[in-house]
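Structure data follow from model36.txt (compact mmCIF, C-alpha atoms):
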```txt
# COMPACT_ATOMS: atom_id res chain seq x y z
CA MET A 1 -30.19 3.47 2.39
CA SER A 2 -27.10 1.71 3.58
CA ARG A 3 -27.37 -1.35 5.81
CA ILE A 4 -24.37 -0.17 7.82
CA GLY A 5 -25.71 3.39 7.96
CA LYS A 6 -28.99 2.20 9.50
CA LYS A 7 -27.24 0.54 12.45
CA ILE A 8 -27.34 2.38 15.76
CA ILE A 9 -24.01 3.23 17.43
CA ASN A 10 -23.90 2.33 21.13
CA ILE A 11 -21.83 4.68 23.27
CA PRO A 12 -19.75 2.91 25.99
CA GLU A 13 -20.05 4.01 29.63
CA LYS A 14 -16.65 5.75 29.80
CA VAL A 15 -17.20 7.77 26.59
CA LYS A 16 -18.87 11.19 26.49
CA VAL A 17 -20.37 12.44 23.19
CA THR A 18 -21.66 15.99 22.69
CA LYS A 19 -23.06 17.74 19.62
CA GLU A 20 -22.09 21.38 19.09
CA SER A 21 -23.21 23.32 15.97
CA GLN A 22 -21.54 21.31 13.16
CA VAL A 23 -19.12 19.22 15.27
CA ILE A 24 -19.53 16.05 17.31
CA LYS A 25 -17.02 15.97 20.19
CA ILE A 26 -16.02 12.59 21.57
CA GLU A 27 -14.08 12.17 24.84
CA GLY A 28 -12.92 8.94 26.43
CA PRO A 29 -10.23 7.46 28.64
CA ALA A 30 -7.72 7.18 25.74
CA GLY A 31 -8.18 10.70 24.34
CA LYS A 32 -10.38 13.21 22.54
CA MET A 33 -11.59 13.38 18.93
CA SER A 34 -14.03 15.45 16.94
CA HIS A 35 -16.10 14.76 13.84
CA ASN A 36 -17.38 17.36 11.38
CA MET A 37 -21.03 16.72 10.60
CA ARG A 38 -22.27 16.61 7.00
CA ILE A 39 -25.15 18.98 6.21
CA GLU A 40 -26.99 16.20 4.34
CA MET A 41 -27.22 14.00 7.46
CA ASP A 42 -29.16 14.10 10.72
CA TYR A 43 -27.38 13.00 13.90
CA THR A 44 -29.51 11.97 16.87
CA ILE A 45 -27.85 11.39 20.27
CA GLU A 46 -30.20 9.85 22.85
CA ASN A 47 -29.91 7.25 25.63
CA LYS A 48 -26.20 6.51 25.01
CA GLN A 49 -26.91 5.84 21.33
CA ILE A 50 -26.21 7.70 18.08
CA LYS A 51 -28.32 7.35 14.97
CA VAL A 52 -27.18 8.73 11.61
CA SER A 53 -29.89 9.29 9.00
CA ILE A 54 -30.22 11.08 5.68
CA ARG A 55 -32.27 14.27 5.67
CA PRO A 56 -35.44 14.05 3.56
CA GLU A 57 -34.43 16.93 1.26
CA ALA A 58 -31.14 15.16 0.44
CA MET A 59 -32.72 11.76 -0.33
CA ASP A 60 -32.58 12.20 -4.11
CA ILE A 61 -28.85 12.88 -4.20
CA LYS A 62 -27.04 9.64 -5.13
CA LYS A 63 -23.75 10.69 -3.51
CA VAL A 64 -25.38 11.14 -0.09
CA ASP A 65 -26.76 7.61 -0.12
CA ALA A 66 -23.28 6.28 -0.83
CA LEU A 67 -21.78 8.26 2.09
CA HIS A 68 -24.39 7.19 4.66
CA GLY A 69 -22.61 4.00 5.74
CA LEU A 70 -19.21 5.69 5.63
CA GLU A 71 -20.36 8.46 7.96
CA ARG A 72 -21.67 5.95 10.50
CA ALA A 73 -18.45 3.88 10.31
CA LEU A 74 -16.24 6.96 10.82
CA ILE A 75 -18.13 7.97 13.97
CA ASN A 76 -18.06 4.40 15.29
CA ASN A 77 -14.28 4.16 14.71
CA LYS A 78 -13.73 7.40 16.63
CA ILE A 79 -15.85 6.21 19.56
CA THR A 80 -13.97 2.89 19.62
CA GLY A 81 -10.61 4.72 19.40
CA VAL A 82 -11.17 6.97 22.41
CA ASN A 83 -12.31 3.95 24.44
CA ASN A 84 -9.69 1.40 23.25
CA VAL A 85 -6.50 2.54 21.51
CA TYR A 86 -5.86 1.19 18.01
CA SER A 87 -2.53 -0.53 17.46
CA ARG A 88 -0.52 -1.91 14.55
CA ARG A 89 2.67 -3.97 14.84
CA LEU A 90 5.33 -4.03 12.13
CA LEU A 91 8.14 -6.55 11.76
CA LEU A 92 11.47 -6.01 9.99
CA SER A 93 12.95 -9.12 8.42
CA GLY A 94 16.30 -9.24 6.73
CA VAL A 95 19.97 -9.42 7.65
CA GLY A 96 20.98 -6.14 9.30
CA TYR A 97 17.48 -4.63 9.18
CA ARG A 98 16.75 -2.66 12.32
CA ALA A 99 14.94 0.38 13.68
CA ALA A 100 15.88 2.86 16.42
CA LEU A 101 13.69 5.56 17.95
CA ALA A 102 15.17 9.04 18.45
CA GLY A 103 12.50 11.40 19.80
CA LYS A 104 9.84 11.83 17.10
CA ILE A 105 11.98 10.19 14.39
CA ILE A 106 12.53 6.52 13.58
CA ASN A 107 15.92 5.67 12.07
CA PHE A 108 15.90 2.60 9.84
CA THR A 109 18.68 0.47 8.44
CA LEU A 110 17.03 -1.37 5.54
CA GLY A 111 19.83 -2.61 3.35
CA PHE A 112 20.21 0.63 1.40
CA SER A 113 23.51 2.49 1.11
CA HIS A 114 22.09 5.16 3.42
CA PRO A 115 20.02 5.20 6.61
CA VAL A 116 16.31 6.01 6.21
CA THR A 117 14.51 8.36 8.61
CA PHE A 118 10.76 8.59 9.20
CA ASN A 119 9.03 11.46 11.04
CA ILE A 120 6.27 10.26 13.34
CA PRO A 121 3.04 12.27 12.88
CA GLU A 122 1.26 13.94 15.80
CA GLY A 123 -1.31 11.59 17.35
CA VAL A 124 0.65 8.36 16.84
CA THR A 125 2.80 6.80 19.56
CA VAL A 126 5.66 4.56 18.46
CA VAL A 127 7.49 1.99 20.56
CA VAL A 128 10.44 0.04 19.16
CA GLU A 129 10.06 -3.19 21.16
CA ALA A 130 13.12 -4.86 19.69
CA GLN A 131 15.32 -3.71 16.84
CA THR A 132 13.02 -5.58 14.47
CA LYS A 133 9.59 -4.95 16.06
CA ILE A 134 7.70 -1.64 15.96
CA LEU A 135 4.40 -0.96 17.72
CA LEU A 136 2.23 1.95 16.54
CA THR A 137 -0.69 3.10 18.72
CA GLY A 138 -3.20 5.94 18.59
CA VAL A 139 -6.86 6.88 18.96
CA ASP A 140 -7.35 7.64 15.24
CA LYS A 141 -7.69 4.40 13.26
CA ASP A 142 -7.06 6.13 9.93
CA LEU A 143 -3.88 7.84 11.13
CA VAL A 144 -2.44 4.68 12.70
CA GLY A 145 -3.13 2.64 9.57
CA LEU A 146 -1.79 5.31 7.23
CA THR A 147 1.40 5.70 9.27
CA ALA A 148 1.92 1.93 9.31
CA GLN A 149 1.47 1.79 5.54
CA LYS A 150 3.93 4.65 4.97
CA ILE A 151 6.53 2.84 7.08
CA LYS A 152 5.87 -0.40 5.21
CA ASN A 153 6.35 1.42 1.89
CA LEU A 154 9.95 2.26 2.88
CA LYS A 155 10.94 -1.34 2.12
CA TRP A 156 8.18 -3.51 0.67
CA PRO A 157 8.73 -7.25 1.35
CA GLU A 158 10.21 -8.98 -1.65
CA PRO A 159 8.90 -12.44 -2.65
CA TYR A 160 12.18 -14.37 -3.04
CA GLN A 161 13.80 -14.06 0.39
CA GLY A 162 11.03 -12.27 2.30
CA LYS A 163 13.19 -9.28 3.24
CA GLY A 164 11.32 -6.10 4.10
CA ILE A 165 8.76 -4.61 6.47
CA THR A 166 5.57 -6.59 7.12
CA TYR A 167 2.55 -6.39 9.39
CA GLU A 168 2.48 -8.91 12.21
CA GLY A 169 0.67 -12.02 10.97
CA GLU A 170 0.94 -11.01 7.31
CA ARG A 171 1.78 -13.87 4.98
CA ILE A 172 4.15 -13.14 2.11
CA ARG A 173 3.68 -15.21 -1.03
CA ARG A 174 7.09 -16.64 -1.68
CA LYS A 175 8.39 -17.43 -5.16
CA ALA A 176 10.83 -20.17 -6.00
CA GLY A 177 14.17 -18.84 -7.12
CA LYS A 178 16.18 -20.08 -10.04
CA SER A 179 17.41 -23.58 -9.61
CA ALA A 180 20.60 -24.84 -11.23
CA ALA A 181 19.14 -28.20 -12.24
CA SER A 182 16.03 -26.95 -14.03
CA GLY A 183 17.66 -24.52 -16.45
CA ALA A 184 20.94 -26.32 -17.16
CA LYS A 185 21.53 -27.74 -20.65
CA LYS A 186 24.12 -30.31 -21.50
```

Write the structure described by the file as C-alpha cells, please.
Amino acid sequence: MSRIGKKIINIPEKVKVTKESQVIKIEGPAGKMSHNMRIEMDYTIENKQIKVSIRPEAMDIKKVDALHGLERALINNKITGVNNVYSRRLLLSGVGYRAALAGKIINFTLGFSHPVTFNIPEGVTVVVEAQTKILLTGVDKDLVGLTAQKIKNLKWPEPYQGKGITYEGERIRRKAGKSAASGAKK
C-alpha cells in the first residue's frame, strides 16, 4: 500500500463533497469539480474526511497498488482547488516580447517573423498584468499547469541571453558565449 494513499483527506468547512454512483462531486467557493471513482478502490466519506482504500479482491493486482497514492492525490488536489484557486505566473523576457489578451485568445510577439496566438482552454482564467507578465488561474491544478507549459513551449528560454517564456522564480542556467580573447590565434 502507498504511504500517500493511506493518508486521510480532510475536507475544509466551505467545501461540500458528495458521492453519487461512480462520481464524487466536490463544490466549494471557487467552483465545482467531479472525480470518476475507480472500481478497484473504496471511498469512505465520514466526519469531513475522505479515506481511499484498495478493495480486498483487487489487492493482488500490481497496477492498483501503484494507483492508490495517485487516486488520493487527485482527490486532494480537486478539494484544494475548489477551496483555493491554483495560479501560475509566466514572465516574458526579451526585447520586444509581449502578450496581449483578446477575449479567449492571447496574442504573443516572441521575436518570430509572425505573431503567435494561443487559445485559452475552458476552465482557465488568464490575466495579462503587464505586457510581459501573464497570470493563469483555475480550480483544476492539472489544467492550469498544462496550459502554462503549453504557453512556455511557444518560446523556450534560451541559455545564452535568457530570452523566452519562464515561470516566475524559475532560474535559467546561463552559458557563457564565445569570447574574442579565448579563441583568437596570432

The residues within 6 Å of (-8.3, 3.0, 22.9), using only C-alpha atoms and the coordinates of the file, should be reported as a list in words; which are they?
Ala30, Gly81, Val82, Asn83, Asn84, Val85, Tyr86 and Val139 of chain A

May I have the protein, DNA and RNA residues with any atom at most 7 Å from the point (-29.8, 15.5, 8.7), counting only C-alpha atoms, written as an mmCIF file with C-alpha atoms, in the frame of the given file?
```
data_model
loop_
_atom_site.group_PDB
_atom_site.id
_atom_site.type_symbol
_atom_site.label_atom_id
_atom_site.label_comp_id
_atom_site.auth_asym_id
_atom_site.auth_seq_id
_atom_site.Cartn_x
_atom_site.Cartn_y
_atom_site.Cartn_z
ATOM 1 C CA ILE A 39 -25.150 18.980 6.210
ATOM 2 C CA GLU A 40 -26.990 16.200 4.340
ATOM 3 C CA MET A 41 -27.220 14.000 7.460
ATOM 4 C CA ASP A 42 -29.160 14.100 10.720
ATOM 5 C CA TYR A 43 -27.380 13.000 13.900
ATOM 6 C CA SER A 53 -29.890 9.290 9.000
ATOM 7 C CA ILE A 54 -30.220 11.080 5.680
ATOM 8 C CA ARG A 55 -32.270 14.270 5.670
#
```

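Here atom CA of Thr132 of chain A and atom CA of Ala99 of chain A stand 6.3 Å from one another.
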
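Of the residues listed (A:Gly31, A:Gly111, A:Gly96, A:Pro121), A:Gly31 shows the shortest atom-to-atom separation from Lys78 of chain A; distances use only C-alpha atoms.
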
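Residue nearest Ile45 of chain A within the list A:Glu20, A:Arg174, A:Arg98, A:Lys141: A:Glu20 [criterion: smallest interatomic distance, only C-alpha atoms].
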
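Here atom CA of Ile26 of chain A stands at a distance of 22.4 Å from atom CA of Thr147 of chain A.
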
Could you jot down the atom CA of His68 of chain A to atom CA of Lys19 of chain A separation for me, Å, one decimal place?
18.4 Å

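Using all atoms listed in the file, the nearest neighbour of Leu67 of chain A within the list A:Arg88, A:Arg173, A:Lys51, A:Arg38 is A:Arg38.
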
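Nearest-residue note for Lys152 of chain A: choosing from A:Leu92, A:Thr44, A:Glu129, A:Gly103, the minimum distance belongs to A:Leu92, counting all atoms listed in the file.
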
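Proximity ranking of A:Gln161, A:Asn10, A:Gln49, A:Asn77 relative to Met33 of chain A places A:Asn77 first, based on all atoms listed in the file.
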
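Restricting the calculation to only C-alpha atoms, the smallest distance between Glu71 of chain A and any of A:Gly162, A:Gly123, A:Gly5, A:Pro115 is found for A:Gly5.
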
Counting all atoms listed in the file, what is within 10 Å of Gly69 of chain A, bar same-chain residues fewer than 5 positions away, as a list in words?
Met1, Ser2, Arg3, Ile4, Gly5, Lys6, Lys7, Val52, Ser53, Val64 and Leu74 of chain A

Neighbouring residues of Asn107 of chain A were defined as those with any atom within 6 Å, considering all atoms listed in the file; residues of the same chain fewer than 5 positions away were excluded. Please report them as an MDAnalysis selection string.
chainID A and resid 99:100 116:117

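Look at Asn119 of chain A: the protein and nucleic acid residues within 7 Å of it, using all atoms listed in the file and passing over chain neighbours fewer than 3 places away, are Lys104, Ile105 and Ile106 of chain A.
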
As JSON, numbers by chain, please: the residues near Lys155 of chain A (cut-off 9 Å, all atoms listed in the file, same-chain neighbours under 5 positions excluded).
{"A": [110, 163, 164, 165]}
